[in-house]
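Structure file coords-v6.txt; described as compact mmCIF, C-alpha atoms.
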```
# COMPACT_ATOMS: atom_id res chain seq x y z
CA MET A 111 121.76 154.42 36.57
CA ARG A 112 122.68 156.20 33.32
CA ARG A 113 125.96 158.12 33.43
CA PRO A 114 125.47 161.88 32.97
CA PRO A 115 127.12 163.72 30.08
CA PRO A 116 130.41 165.41 31.07
CA ALA A 117 128.95 168.93 30.98
CA ARG A 118 126.29 168.02 33.57
CA ARG A 119 128.10 165.56 35.72
CA ARG A 120 126.89 166.81 39.12
CA GLY A 121 123.18 167.00 38.49
CA ALA A 122 122.34 164.84 35.51
CA GLY A 123 119.73 162.10 35.51
CA ARG A 124 120.94 158.55 35.55
CA HIS A 125 119.02 155.53 34.41
CA ARG A 126 119.60 151.88 35.05
CA ASP A 127 117.60 148.90 33.89
CA ARG A 128 118.70 145.82 35.78
CA SER A 129 115.44 143.90 35.77
CA PRO A 130 115.36 140.71 33.72
CA CYS A 131 111.59 140.76 34.09
CA ARG A 132 110.77 144.35 33.22
CA GLY A 133 107.03 144.85 33.15
CA GLU A 134 106.23 141.52 34.81
CA ARG A 135 103.50 141.34 37.41
CA ALA A 136 103.73 138.67 40.06
CA GLU A 137 100.61 136.61 40.64
CA PRO A 138 99.77 135.72 44.25
CA ASP A 139 100.03 131.98 43.88
CA GLY A 140 100.44 130.89 47.48
CA ARG A 141 102.02 131.71 50.80
CA GLY A 142 105.21 129.94 49.80
CA VAL A 143 105.91 132.53 47.11
CA ILE A 144 105.39 135.36 49.61
CA ASP A 145 107.58 133.72 52.24
CA THR A 146 110.34 133.29 49.67
CA ALA A 147 110.01 136.94 48.63
CA ILE A 148 110.19 138.06 52.28
CA ALA A 149 113.35 136.00 52.78
CA ARG A 150 114.83 137.54 49.63
CA LEU A 151 113.85 141.00 50.88
CA GLU A 152 115.60 140.37 54.20
CA ARG A 153 118.80 139.31 52.43
CA ALA A 154 118.60 142.34 50.13
CA ILE A 155 118.35 144.60 53.19
CA GLY A 156 121.38 142.91 54.72
CA ARG A 157 123.44 143.42 51.57
CA ALA A 158 122.40 147.05 51.20
CA ALA A 159 123.17 147.82 54.85
CA ARG A 160 126.61 146.22 54.68
CA GLY A 161 129.24 148.87 55.34
CA LEU A 162 126.67 151.54 56.29
CA VAL A 163 127.38 152.02 59.99
CA GLY A 164 124.29 153.08 61.92
CA ARG A 165 122.12 153.34 58.80
CA ARG A 166 120.36 149.97 58.67
CA HIS A 167 117.12 151.58 59.85
CA VAL A 168 117.21 153.87 56.79
CA VAL A 169 117.72 150.89 54.47
CA GLU A 170 114.81 149.09 56.15
CA LEU A 171 112.54 152.11 55.76
CA VAL A 172 113.33 152.33 52.04
CA HIS A 173 112.28 148.71 51.59
CA LEU A 174 109.16 149.20 53.71
CA ALA A 175 108.20 152.13 51.46
CA LEU A 176 108.82 149.98 48.37
CA VAL A 177 106.46 147.28 49.62
CA ALA A 178 103.85 149.85 50.71
CA ARG A 179 104.26 151.72 47.38
CA GLU A 180 104.71 154.97 49.26
CA HIS A 181 107.35 157.71 49.17
CA LEU A 182 110.07 158.41 51.73
CA LEU A 183 111.64 161.70 52.79
CA LEU A 184 115.09 161.71 54.43
CA ILE A 185 116.06 164.83 56.37
CA GLY A 186 119.57 165.32 57.70
CA PRO A 187 122.75 167.38 57.41
CA PRO A 188 125.24 166.73 54.58
CA GLY A 189 127.59 163.80 55.00
CA THR A 190 125.26 161.59 57.05
CA GLY A 191 124.99 158.80 54.48
CA LYS A 192 121.53 159.52 53.09
CA SER A 193 122.57 159.19 49.46
CA ALA A 194 124.78 156.17 50.14
CA ALA A 195 121.93 154.31 51.82
CA VAL A 196 119.47 155.01 48.99
CA ARG A 197 121.97 154.07 46.29
CA ALA A 198 122.74 150.81 48.08
CA CYS A 199 119.02 150.01 48.12
CA ALA A 200 118.68 150.89 44.43
CA ALA A 201 121.64 148.65 43.56
CA GLY A 202 119.87 145.73 45.21
CA THR A 203 116.61 145.97 43.29
CA GLY A 204 115.75 145.02 39.75
CA ALA A 205 113.85 148.26 39.23
CA ARG A 206 114.59 150.91 36.63
CA CYS A 207 116.16 153.67 38.72
CA PHE A 208 116.48 157.40 38.23
CA GLU A 209 118.63 159.69 40.38
CA TYR A 210 118.97 163.46 40.20
CA LEU A 211 120.45 166.26 42.26
CA ILE A 212 118.01 169.16 41.96
CA GLY A 213 119.28 172.73 42.05
CA ARG A 214 117.62 176.12 41.93
CA PHE A 215 118.29 176.40 38.20
CA THR A 216 117.29 172.84 37.26
CA GLU A 217 115.03 172.79 34.21
CA PRO A 218 111.98 170.48 34.07
CA ALA A 219 113.41 168.82 30.95
CA GLU A 220 116.36 167.55 33.01
CA LEU A 221 113.96 165.36 35.02
CA PHE A 222 111.08 164.73 32.64
CA GLY A 223 112.83 164.74 29.29
CA PRO A 224 113.40 167.26 26.48
CA LEU A 225 111.07 167.76 23.54
CA ASP A 226 110.98 164.82 21.14
CA LEU A 227 112.55 166.26 17.98
CA GLU A 228 111.21 163.50 15.73
CA ALA A 229 107.68 164.18 16.95
CA LEU A 230 108.26 167.91 16.59
CA ARG A 231 109.17 167.45 12.91
CA ALA A 232 105.86 165.68 12.50
CA GLY A 233 104.07 168.63 14.04
CA LYS A 234 103.49 167.02 17.46
CA LEU A 235 104.60 168.54 20.76
CA ARG A 236 105.60 165.86 23.26
CA PRO A 237 108.58 165.10 25.52
CA ASP A 238 111.09 162.32 25.04
CA ILE A 239 110.88 160.54 28.40
CA SER A 240 113.31 157.74 27.53
CA GLY A 241 115.49 157.04 30.57
CA MET A 242 113.96 159.90 32.53
CA LEU A 243 111.83 160.11 35.69
CA PRO A 244 108.48 159.25 34.02
CA GLU A 245 109.91 155.82 33.10
CA ALA A 246 111.47 155.11 36.51
CA GLU A 247 110.24 152.44 38.89
CA PHE A 248 112.45 153.70 41.74
CA ALA A 249 113.61 157.30 42.04
CA PHE A 250 115.97 159.27 44.25
CA LEU A 251 115.69 163.07 44.19
CA ASP A 252 118.36 164.82 46.23
CA GLU A 253 117.67 168.38 47.50
CA VAL A 254 114.11 167.80 46.42
CA PHE A 255 112.74 171.09 47.81
CA LEU A 256 115.03 173.23 45.63
CA GLY A 257 112.96 172.53 42.53
CA SER A 258 111.16 175.31 40.70
CA THR A 259 107.38 175.70 40.82
CA ALA A 260 107.13 173.98 37.43
CA ILE A 261 109.13 170.98 38.66
CA LEU A 262 107.25 170.66 41.95
CA ASN A 263 103.86 170.90 40.23
CA ALA A 264 104.83 168.14 37.80
CA LEU A 265 106.17 166.05 40.67
CA LEU A 266 102.86 166.34 42.51
CA GLY A 267 101.14 164.40 39.77
CA VAL A 268 103.96 161.88 39.49
CA LEU A 269 104.08 161.17 43.23
CA ASN A 270 100.39 161.26 44.05
CA GLU A 271 98.66 160.05 40.89
CA ARG A 272 101.54 158.21 39.21
CA ARG A 273 100.92 160.21 36.04
CA TYR A 274 103.03 162.71 34.12
CA ARG A 275 101.28 165.45 32.17
CA ARG A 276 102.82 168.06 29.92
CA GLY A 277 100.31 169.93 27.80
CA HIS A 278 98.35 167.32 25.85
CA PHE A 279 100.89 164.63 26.73
CA ASP A 280 99.65 162.31 29.48
CA THR A 281 101.22 159.01 30.50
CA ALA A 282 101.09 156.60 33.42
CA VAL A 283 104.25 156.42 35.54
CA PRO A 284 105.41 152.98 36.81
CA LEU A 285 106.95 154.54 39.94
CA ARG A 286 106.84 152.27 43.01
CA CYS A 287 108.74 154.54 45.39
CA CYS A 288 110.44 157.91 45.31
CA VAL A 289 112.98 158.83 47.97
CA GLY A 290 113.51 162.53 48.49
CA ALA A 291 116.39 163.95 50.51
CA SER A 292 117.05 167.37 51.98
CA ASN A 293 119.22 168.98 54.61
CA ALA A 294 116.15 170.41 56.33
CA LEU A 295 112.40 170.65 56.02
CA PRO A 296 111.34 173.77 54.15
CA GLU A 297 109.98 176.69 56.13
CA ASP A 298 107.87 177.93 53.20
CA PRO A 299 104.22 176.99 53.90
CA GLY A 300 103.72 176.78 50.15
CA LEU A 301 105.81 173.61 50.07
CA ALA A 302 103.67 171.87 52.71
CA ALA A 303 101.37 170.28 50.11
CA PHE A 304 104.36 168.91 48.24
CA ALA A 305 106.06 167.57 51.39
CA ASP A 306 102.80 165.86 52.35
CA ARG A 307 103.17 163.57 49.32
CA PHE A 308 106.03 161.84 51.15
CA LEU A 309 104.17 159.60 53.58
CA VAL A 310 107.29 158.40 55.42
CA THR A 311 109.63 160.95 57.03
CA ALA A 312 112.90 159.93 58.68
CA PHE A 313 115.46 162.22 60.29
CA VAL A 314 119.09 161.14 59.87
CA ASP A 315 121.61 162.33 62.45
CA PRO A 316 125.42 162.15 62.45
CA LEU A 317 126.72 158.99 64.06
CA ALA A 318 127.35 159.00 67.80
CA ASP A 319 130.97 159.15 68.94
CA THR A 320 130.67 155.57 70.15
CA ASP A 321 130.34 154.46 66.49
CA LEU A 322 133.44 156.27 65.24
CA GLU A 323 135.71 153.22 65.35
CA ALA A 324 133.21 151.17 63.34
CA LEU A 325 132.80 154.04 60.87
CA LEU A 326 136.55 154.43 60.36
CA ALA A 327 137.05 150.69 59.95
CA GLY A 328 134.21 150.32 57.46
CA ASP A 329 134.54 149.59 53.76
CA PRO A 330 132.90 152.44 51.82
CA VAL A 331 132.14 150.24 48.80
CA ALA A 332 130.87 147.19 50.66
CA SER A 333 127.30 148.45 50.63
CA VAL A 334 127.28 149.00 46.87
CA GLU A 335 128.57 145.61 45.76
CA PRO A 336 126.53 142.69 47.20
CA GLY A 337 129.44 140.28 46.85
CA ASP A 338 127.52 137.07 47.59
CA GLY A 339 126.52 136.22 44.03
CA GLU A 340 122.76 136.37 44.66
CA ALA A 341 120.68 138.11 42.01
CA PRO A 342 119.10 141.43 43.00
CA LEU A 343 115.59 141.50 44.40
CA THR A 344 113.33 141.63 41.35
CA LEU A 345 110.52 144.02 40.65
CA ALA A 346 108.20 141.03 40.33
CA GLU A 347 109.01 140.03 43.92
CA ILE A 348 108.48 143.58 45.18
CA ASP A 349 105.13 143.73 43.39
CA ALA A 350 104.11 140.36 44.82
CA LEU A 351 104.79 141.66 48.32
CA ALA A 352 102.92 144.91 47.60
CA GLU A 353 99.87 143.00 46.36
CA ALA A 354 99.96 140.71 49.38
CA ALA A 355 100.25 143.71 51.71
CA ALA A 356 97.06 145.11 50.18
CA ARG A 357 95.29 141.96 51.37
CA VAL A 358 96.50 142.15 54.99
CA ASP A 359 93.60 142.29 57.45
CA LEU A 360 93.79 145.61 59.33
CA ALA A 361 90.56 145.19 61.30
CA PRO A 362 92.26 143.76 64.45
CA VAL A 363 94.52 146.80 64.79
CA ARG A 364 92.25 149.58 63.53
CA PRO A 365 90.93 150.64 66.98
CA ALA A 366 94.49 150.89 68.34
CA TYR A 367 95.58 152.79 65.24
CA ALA A 368 92.73 155.26 65.66
CA GLN A 369 93.62 155.76 69.33
CA VAL A 370 97.23 156.50 68.42
CA VAL A 371 96.10 159.15 65.94
CA ARG A 372 93.77 160.68 68.56
CA LYS A 373 96.60 160.96 71.07
CA LEU A 374 98.89 162.59 68.53
CA ARG A 375 96.27 165.09 67.41
CA ALA A 376 95.39 165.89 71.01
CA ARG A 377 99.04 166.80 71.58
CA GLY A 378 98.90 169.18 68.63
CA VAL A 379 100.58 166.98 66.01
CA ARG A 380 99.21 167.82 62.58
CA LEU A 381 98.17 164.72 60.65
CA SER A 382 96.01 165.23 57.59
CA ASP A 383 93.17 162.82 56.90
CA ARG A 384 95.06 161.68 53.81
CA ARG A 385 98.16 160.78 55.84
CA VAL A 386 96.07 158.95 58.42
CA VAL A 387 94.26 156.86 55.80
CA ARG A 388 97.34 156.11 53.73
CA GLY A 389 99.34 155.36 56.87
CA GLN A 390 97.45 152.08 57.03
CA SER A 391 99.44 150.91 54.01
CA LEU A 392 102.63 151.16 56.08
CA VAL A 393 101.10 149.14 58.93
CA ALA A 394 99.93 146.51 56.43
CA ALA A 395 103.39 146.32 54.82
CA ALA A 396 105.05 146.04 58.24
CA ALA A 397 102.69 143.20 59.17
CA LEU A 398 103.29 141.34 55.91
CA ILE A 399 107.08 141.66 56.14
CA ALA A 400 106.84 140.33 59.71
CA GLY A 401 105.10 137.25 58.29
CA ARG A 402 101.54 138.08 59.33
CA THR A 403 98.33 138.07 57.29
CA ALA A 404 96.53 140.13 59.95
CA ALA A 405 98.08 143.21 61.54
CA GLU A 406 98.84 143.37 65.27
CA GLU A 407 99.79 146.21 67.62
CA ALA A 408 103.42 145.20 67.10
CA ASP A 409 103.05 146.53 63.54
CA LEU A 410 102.01 150.06 64.53
CA TRP A 411 105.55 151.43 64.64
CA PRO A 412 105.46 153.11 61.17
CA VAL A 413 102.93 155.64 62.50
CA ILE A 414 105.85 157.58 64.02
CA HIS A 415 107.11 158.35 60.52
CA LEU A 416 103.81 159.99 59.55
CA VAL A 417 104.89 162.95 61.70
CA GLN A 418 106.81 165.52 59.61
CA ASP A 419 108.45 167.47 62.42
CA ARG A 420 111.60 166.51 64.28
CA ILE A 421 110.57 167.67 67.75
CA ALA A 422 107.04 166.34 67.33
CA GLN A 423 108.42 162.95 66.23
CA ASP A 424 110.55 162.67 69.36
CA GLU A 425 107.62 163.70 71.55
CA ALA A 426 105.39 161.18 69.77
CA ARG A 427 107.79 158.36 70.58
CA ASP A 428 107.55 159.20 74.27
CA LEU A 429 103.80 159.87 74.14
CA LEU A 430 103.15 156.49 72.54
CA ARG A 431 105.58 154.48 74.66
CA VAL A 432 102.72 152.27 75.89
CA GLU A 433 101.24 151.66 72.44
CA LEU A 434 104.67 151.13 70.89
CA GLY A 435 106.06 149.14 73.78
CA ALA A 436 105.50 145.84 71.95
CA VAL A 437 106.72 146.92 68.50
CA ALA A 438 108.87 144.30 66.83
CA SER A 439 109.83 143.09 63.39
CA PRO A 440 112.09 140.12 62.63
CA VAL A 441 112.98 141.54 59.20
CA LEU A 442 112.94 145.28 60.02
CA PRO A 443 114.28 145.27 63.60
CA ALA A 444 116.34 148.47 63.40
CA ALA A 445 113.49 150.54 61.96
CA ALA A 446 110.99 149.18 64.49
CA LYS A 447 113.33 149.91 67.38
CA ALA A 448 114.12 153.42 66.12
CA ALA A 449 110.41 154.18 65.76
CA GLY A 450 109.74 153.32 69.39
CA TYR A 451 112.97 154.85 70.62
CA GLY A 452 111.71 157.76 72.68
CA PRO A 453 113.53 159.83 75.31
CA ALA A 454 112.95 157.23 78.03
CA ALA A 455 114.53 154.45 75.94
CA ARG A 456 117.40 156.74 74.90
CA ALA A 457 118.08 157.65 78.54
CA ALA A 458 118.14 153.96 79.50
CA ASP A 459 120.60 153.17 76.69
CA LEU A 460 122.83 156.09 77.64
CA ALA A 461 122.82 154.96 81.26
CA ARG A 462 123.88 151.43 80.27
CA GLU A 463 126.61 152.74 77.96
CA GLY A 464 127.82 155.16 80.64
CA ASP A 465 128.05 152.42 83.27
CA ALA A 466 129.96 150.18 80.85
CA LEU A 467 132.32 152.99 79.90
CA ALA A 468 133.02 153.84 83.56
CA ALA A 469 133.74 150.17 84.31
CA SER A 470 136.21 149.98 81.41
CA ALA A 471 138.43 152.81 82.68
CA PRO A 472 142.10 151.70 82.95
CA ASP A 473 143.43 151.63 86.49
CA ASP A 474 146.71 153.32 85.55
CA ARG A 475 145.82 156.95 84.91
CA THR A 476 149.33 157.67 83.65
CA ALA A 477 149.10 155.13 80.82
CA PRO A 478 148.34 156.22 77.21
CA ALA A 479 145.29 153.93 77.30
CA PHE A 480 143.75 156.06 80.03
CA GLU A 481 144.21 159.22 77.97
CA ALA A 482 142.37 157.58 75.07
CA TRP A 483 139.62 156.44 77.46
CA LEU A 484 139.37 159.94 78.92
CA VAL A 485 138.71 161.44 75.48
CA ARG A 486 135.89 158.94 74.92
CA ALA A 487 134.46 159.56 78.39
CA GLU A 488 134.48 163.34 78.01
CA SER A 489 132.83 163.03 74.61
CA PHE A 490 130.18 160.74 76.08
CA LEU A 491 129.47 163.22 78.89
CA VAL A 492 128.93 165.93 76.27
CA GLN A 493 126.53 163.56 74.49
CA ILE A 494 124.52 163.04 77.69
CA ASP A 495 124.36 166.76 78.45
CA ALA A 496 123.27 167.55 74.89
CA ALA A 497 120.44 165.00 75.06
CA PHE A 498 119.22 165.70 78.61
CA GLY A 499 119.53 168.84 80.69
CA ALA A 500 120.25 168.62 84.42
CA GLU A 501 116.56 168.75 85.31
CA GLU A 502 115.51 166.27 82.61
CA ARG A 503 117.85 163.39 83.44
CA PRO A 504 116.18 160.26 84.83
CA PRO A 505 117.79 159.01 88.09
CA ALA A 506 119.58 156.08 86.42
CA LEU A 507 121.15 158.35 83.79
CA ALA A 508 122.11 160.95 86.40
CA ALA A 509 123.80 158.25 88.48
CA ALA A 510 125.67 156.88 85.45
CA ARG A 511 126.83 160.40 84.56
CA ASP A 512 128.05 161.06 88.11
CA ALA A 513 129.92 157.74 88.21
CA LEU A 514 131.60 158.48 84.89
CA LEU A 515 132.50 161.99 85.97
CA THR A 516 134.01 160.62 89.19
CA ARG A 517 136.20 158.21 87.24
CA CYS A 518 137.38 161.08 85.03
CA ARG A 519 138.33 163.22 88.03
CA ALA A 520 139.80 160.49 90.25
CA PRO A 521 143.30 161.49 91.44
CA VAL A 522 146.36 159.66 90.20
CA ALA A 523 147.60 157.10 92.74
CA GLY A 524 150.39 158.53 94.92
CA VAL A 525 149.78 162.12 93.79
CA THR A 526 148.17 164.60 96.14
CA PRO A 527 145.69 166.89 94.35
CA ALA A 528 146.63 170.57 94.44
```

In structure tokens, what does this structure look like?
Amino acid sequence: MRRPPPARRRGAGRHRDRSPCRGERAEPDGRGVIDTAIARLERAIGRAARGLVGRRHVVELVHLALVAREHLLLIGPPGTGKSAAVRACAAGTGARCFEYLIGRFTEPAELFGPLDLEALRAGKLRPDISGMLPEAEFAFLDEVFLGSTAILNALLGVLNERRYRRGHFDTAVPLRCCVGASNALPEDPGLAAFADRFLVTAFVDPLADTDLEALLAGDPVASVEPGDGEAPLTLAEIDALAEAAARVDLAPVRPAYAQVVRKLRARGVRLSDRRVVRGQSLVAAAALIAGRTAAEEADLWPVIHLVQDRIAQDEARDLLRVELGAVASPVLPAAAKAAGYGPAARAADLAREGDALAASAPDDRTAPAFEAWLVRAESFLVQIDAAFGAEERPPALAAARDALLTRCRAPVAGVTPA
């Protein structure tokens, strides 16, 4: 990505052209080519996720969106690794990339290019888009909802139609995928049409306390530098996968897909007809990446990310636990699991972790090791209580919580409690 000028270091556009085959289009010349591209995609995901503790599912979703040629919206508080995950994905592709941090005073020219002075001298009014968003094949727009009306209106055409228009200037945009990031979904109803252009929505939470040791021991640059000598995934390979995904047979799974949409709408989840229709591209991409030429019910998991509301997404996971019970992906396992990870599955995981933590308590309560364990146990109890109230806890989780609490309060040997 192009380095910004010193005066605009925080928010300037950056452009990178890594592709040795810029402009190439892959021809579907056999299953062997697709299988090779899938294997390369899997290795690219592994390299990008290296060093990103608890963020592999985000990396997998970015690559799913690339293959489906759709856009992804990441919602989460600052410092949760959203930007790091997207940059790691960008570093592993051969696409021309553009990144920008949008602010309330960002001018359209900072994204789409200033006026072309040479053309202006010739009496023509057109922008110079060199190295800017209209030339990007992969884009990352941070704080995307802070853009002005002029920016958001221009982005609508870029995201939905893959065209950039400015006055009489009109050009096709080679954008495969745009990732937008924000701390929260906007409350302004006027932004709903713009947010709807992002077909995939993922909510990114801070890491659980159980992952702190892995986070602290991680290498913050490992995810940016592949380190294994393999060339980045090329745009030609991404395009080959996208074209193959468009040929995936969706007929076997269409009735199940329609039933899932009916159940969500019956629960009050708002899904526009456009999102429902275009959501099939995600199912097709998931099937292709899993090595299938015809979609199965195991490929329905991306439907969860059509829901653009945090609470509704969690409720959808639980509502669709039967339909999503068989979800699986050998290449995108973390994303598939997270999509089907409803309250029931979370409670089961917490119960298992609680039982294991209780069993690992040191016998000597006076030892420093017990004090360290006690901090972890108390933090884990807070995590359980935050996820499930007293009346919402399944029996297994309630039993695990009680056992852990008992271990925390057990008296020291030889000491009579006051």

For this session: Step by step: start from the point (104.3, 143.6, 46.4) in the file's coordinates, keep every protein, DNA or RNA residue that has an atom no farther than 12 Å from it, count all atoms listed in the file, and write the set as a PyMOL selection string.
Result: chain A and resi 134-138+143-145+147-148+151+173-180+286-287+343-358+391+394-395+398-399

Seminar exercise, completed: Nearest to Phe308 in chain A, restricted to all atoms listed in the file and choosing among A:Ala468, A:Val268, A:Ala449, A:Ala200, comes out as A:Val268

Write out, as a tab-separated table, each residue of range 370-428 of chain A that has an atom at most 8 Å from range 309-322 of chain A, together with the closest pair of atoms and their distance in Å to one decimal, counting only C-alpha atoms, rows going by chain and rising number.
```
residue	atom	partner	partner_atom	distance
A:Arg385	CA	A:Leu309	CA	6.5
A:Arg388	CA	A:Leu309	CA	7.7
A:Gly389	CA	A:Leu309	CA	7.2
A:His415	CA	A:Thr311	CA	5.0
A:Leu416	CA	A:Val310	CA	5.6
A:Val417	CA	A:Thr311	CA	6.9
A:Gln418	CA	A:Thr311	CA	6.0
A:Arg420	CA	A:Phe313	CA	7.0
```

For this session: Please provide as a count of residues only all residues within 12 Å of Ala444 in chain A, with the sequence filter that same-chain residues fewer than 5 positions apart are discarded (counting all atoms listed in the file).
Result: 18

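Between Ser489 in chain A and the candidates A:Cys518, A:Ile185, A:Arg384, A:Val370, the tightest atom-to-atom separation, counting all atoms listed in the file, involves A:Cys518.
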
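Straight-line separation from CA of Lys373 in chain A to CA of Val432 in chain A: 11.7 Å.
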
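Minimum atom-to-atom distances from A:Glu217, A:Glu433, A:Asp298, A:Asp238 to Leu410 in chain A were compared using only C-alpha atoms, and the lowest value belongs to A:Glu433.
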
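With distances taken over all atoms listed in the file, A:Phe208 is the one residue among A:Phe279, A:Phe208, A:Phe304, A:Trp483 lying closest to Asp252 in chain A.
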
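Interatomic distance, CA of Ala205 in chain A against CA of Glu340 in chain A: 15.8 Å.
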
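The smallest atom-to-atom distance between Thr259 in chain A and any of A:Thr476, A:Thr190, A:Gln493, A:Thr216, using only C-alpha atoms, is found for A:Thr216.
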
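Proximity of A:Ala426, A:Asp419, A:Leu325, A:Ala366 to Glu406 in chain A, computed with only C-alpha atoms, is greatest for A:Ala366.
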
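Between CA of Gly339 in chain A and CA of Ala324 in chain A there is a distance of 25.3 Å.
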
Please identify all polymer residues within 9 Å of Asn270 in chain A, counting all atoms listed in the file, omitting same-chain residues fewer than 4 positions from it, and present them as a compact mmCIF listing (two decimals) with C-alpha atoms, in the frame of the given file.
```txt
# COMPACT_ATOMS: atom_id res chain seq x y z
CA LEU A 265 106.17 166.05 40.67
CA LEU A 266 102.86 166.34 42.51
CA ARG A 307 103.17 163.57 49.32
```

For this session: Could you give me, as a PyMOL selection string, the residues that sit within 7 Å of (118.8, 140.2, 40.3) in the file's coordinates, counting only C-alpha atoms?
Result: chain A and resi 129+203-204+341-344

Once 4 Å is added on each side, what are the centre and the three edge lengths, in Å to one decimal, of the axis-aligned box enclosing the listed atoms of range 221-233 of chain A? Present them as JSON.
```
{"center_x": 109.0, "center_y": 166.1, "center_z": 23.8, "size_x": 17.9, "size_y": 13.1, "size_z": 30.5}
```

Could you pull range 403-432 of chain A out of the block above and give me C-alpha atoms, as a PDB file, in the first residue's frame?
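This is the output file part-v2.pdb:
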```
ATOM      1  CA  THR A 403     -19.423 -28.629  -6.985  1.00  0.00           C
ATOM      2  CA  ALA A 404     -22.927 -28.823  -5.504  1.00  0.00           C
ATOM      3  CA  ALA A 405     -23.882 -27.101  -2.256  1.00  0.00           C
ATOM      4  CA  GLU A 406     -24.998 -29.071   0.800  1.00  0.00           C
ATOM      5  CA  GLU A 407     -26.628 -28.072   4.096  1.00  0.00           C
ATOM      6  CA  ALA A 408     -23.144 -28.036   5.619  1.00  0.00           C
ATOM      7  CA  ASP A 409     -22.490 -24.932   3.492  1.00  0.00           C
ATOM      8  CA  LEU A 410     -25.372 -22.867   4.896  1.00  0.00           C
ATOM      9  CA  TRP A 411     -23.343 -21.330   7.714  1.00  0.00           C
ATOM     10  CA  PRO A 412     -22.674 -17.958   5.963  1.00  0.00           C
ATOM     11  CA  VAL A 413     -26.386 -17.107   6.268  1.00  0.00           C
ATOM     12  CA  ILE A 414     -25.722 -16.044   9.880  1.00  0.00           C
ATOM     13  CA  HIS A 415     -23.577 -13.174   8.598  1.00  0.00           C
ATOM     14  CA  LEU A 416     -26.454 -11.781   6.523  1.00  0.00           C
ATOM     15  CA  VAL A 417     -27.948 -10.551   9.813  1.00  0.00           C
ATOM     16  CA  GLN A 418     -26.762  -7.005  10.594  1.00  0.00           C
ATOM     17  CA  ASP A 419     -27.647  -6.881  14.280  1.00  0.00           C
ATOM     18  CA  ARG A 420     -25.596  -8.277  17.132  1.00  0.00           C
ATOM     19  CA  ILE A 421     -28.448  -9.559  19.286  1.00  0.00           C
ATOM     20  CA  ALA A 422     -30.353 -10.888  16.283  1.00  0.00           C
ATOM     21  CA  GLN A 423     -27.221 -12.720  15.077  1.00  0.00           C
ATOM     22  CA  ASP A 424     -26.827 -14.483  18.417  1.00  0.00           C
ATOM     23  CA  GLU A 425     -30.518 -15.384  18.469  1.00  0.00           C
ATOM     24  CA  ALA A 426     -30.277 -16.654  14.888  1.00  0.00           C
ATOM     25  CA  ARG A 427     -27.466 -19.021  15.838  1.00  0.00           C
ATOM     26  CA  ASP A 428     -29.658 -20.575  18.511  1.00  0.00           C
ATOM     27  CA  LEU A 429     -32.799 -20.514  16.346  1.00  0.00           C
ATOM     28  CA  LEU A 430     -31.012 -22.340  13.538  1.00  0.00           C
ATOM     29  CA  ARG A 431     -29.133 -24.837  15.700  1.00  0.00           C
ATOM     30  CA  VAL A 432     -30.838 -27.737  13.885  1.00  0.00           C
TER      31      VAL A 432
END
```
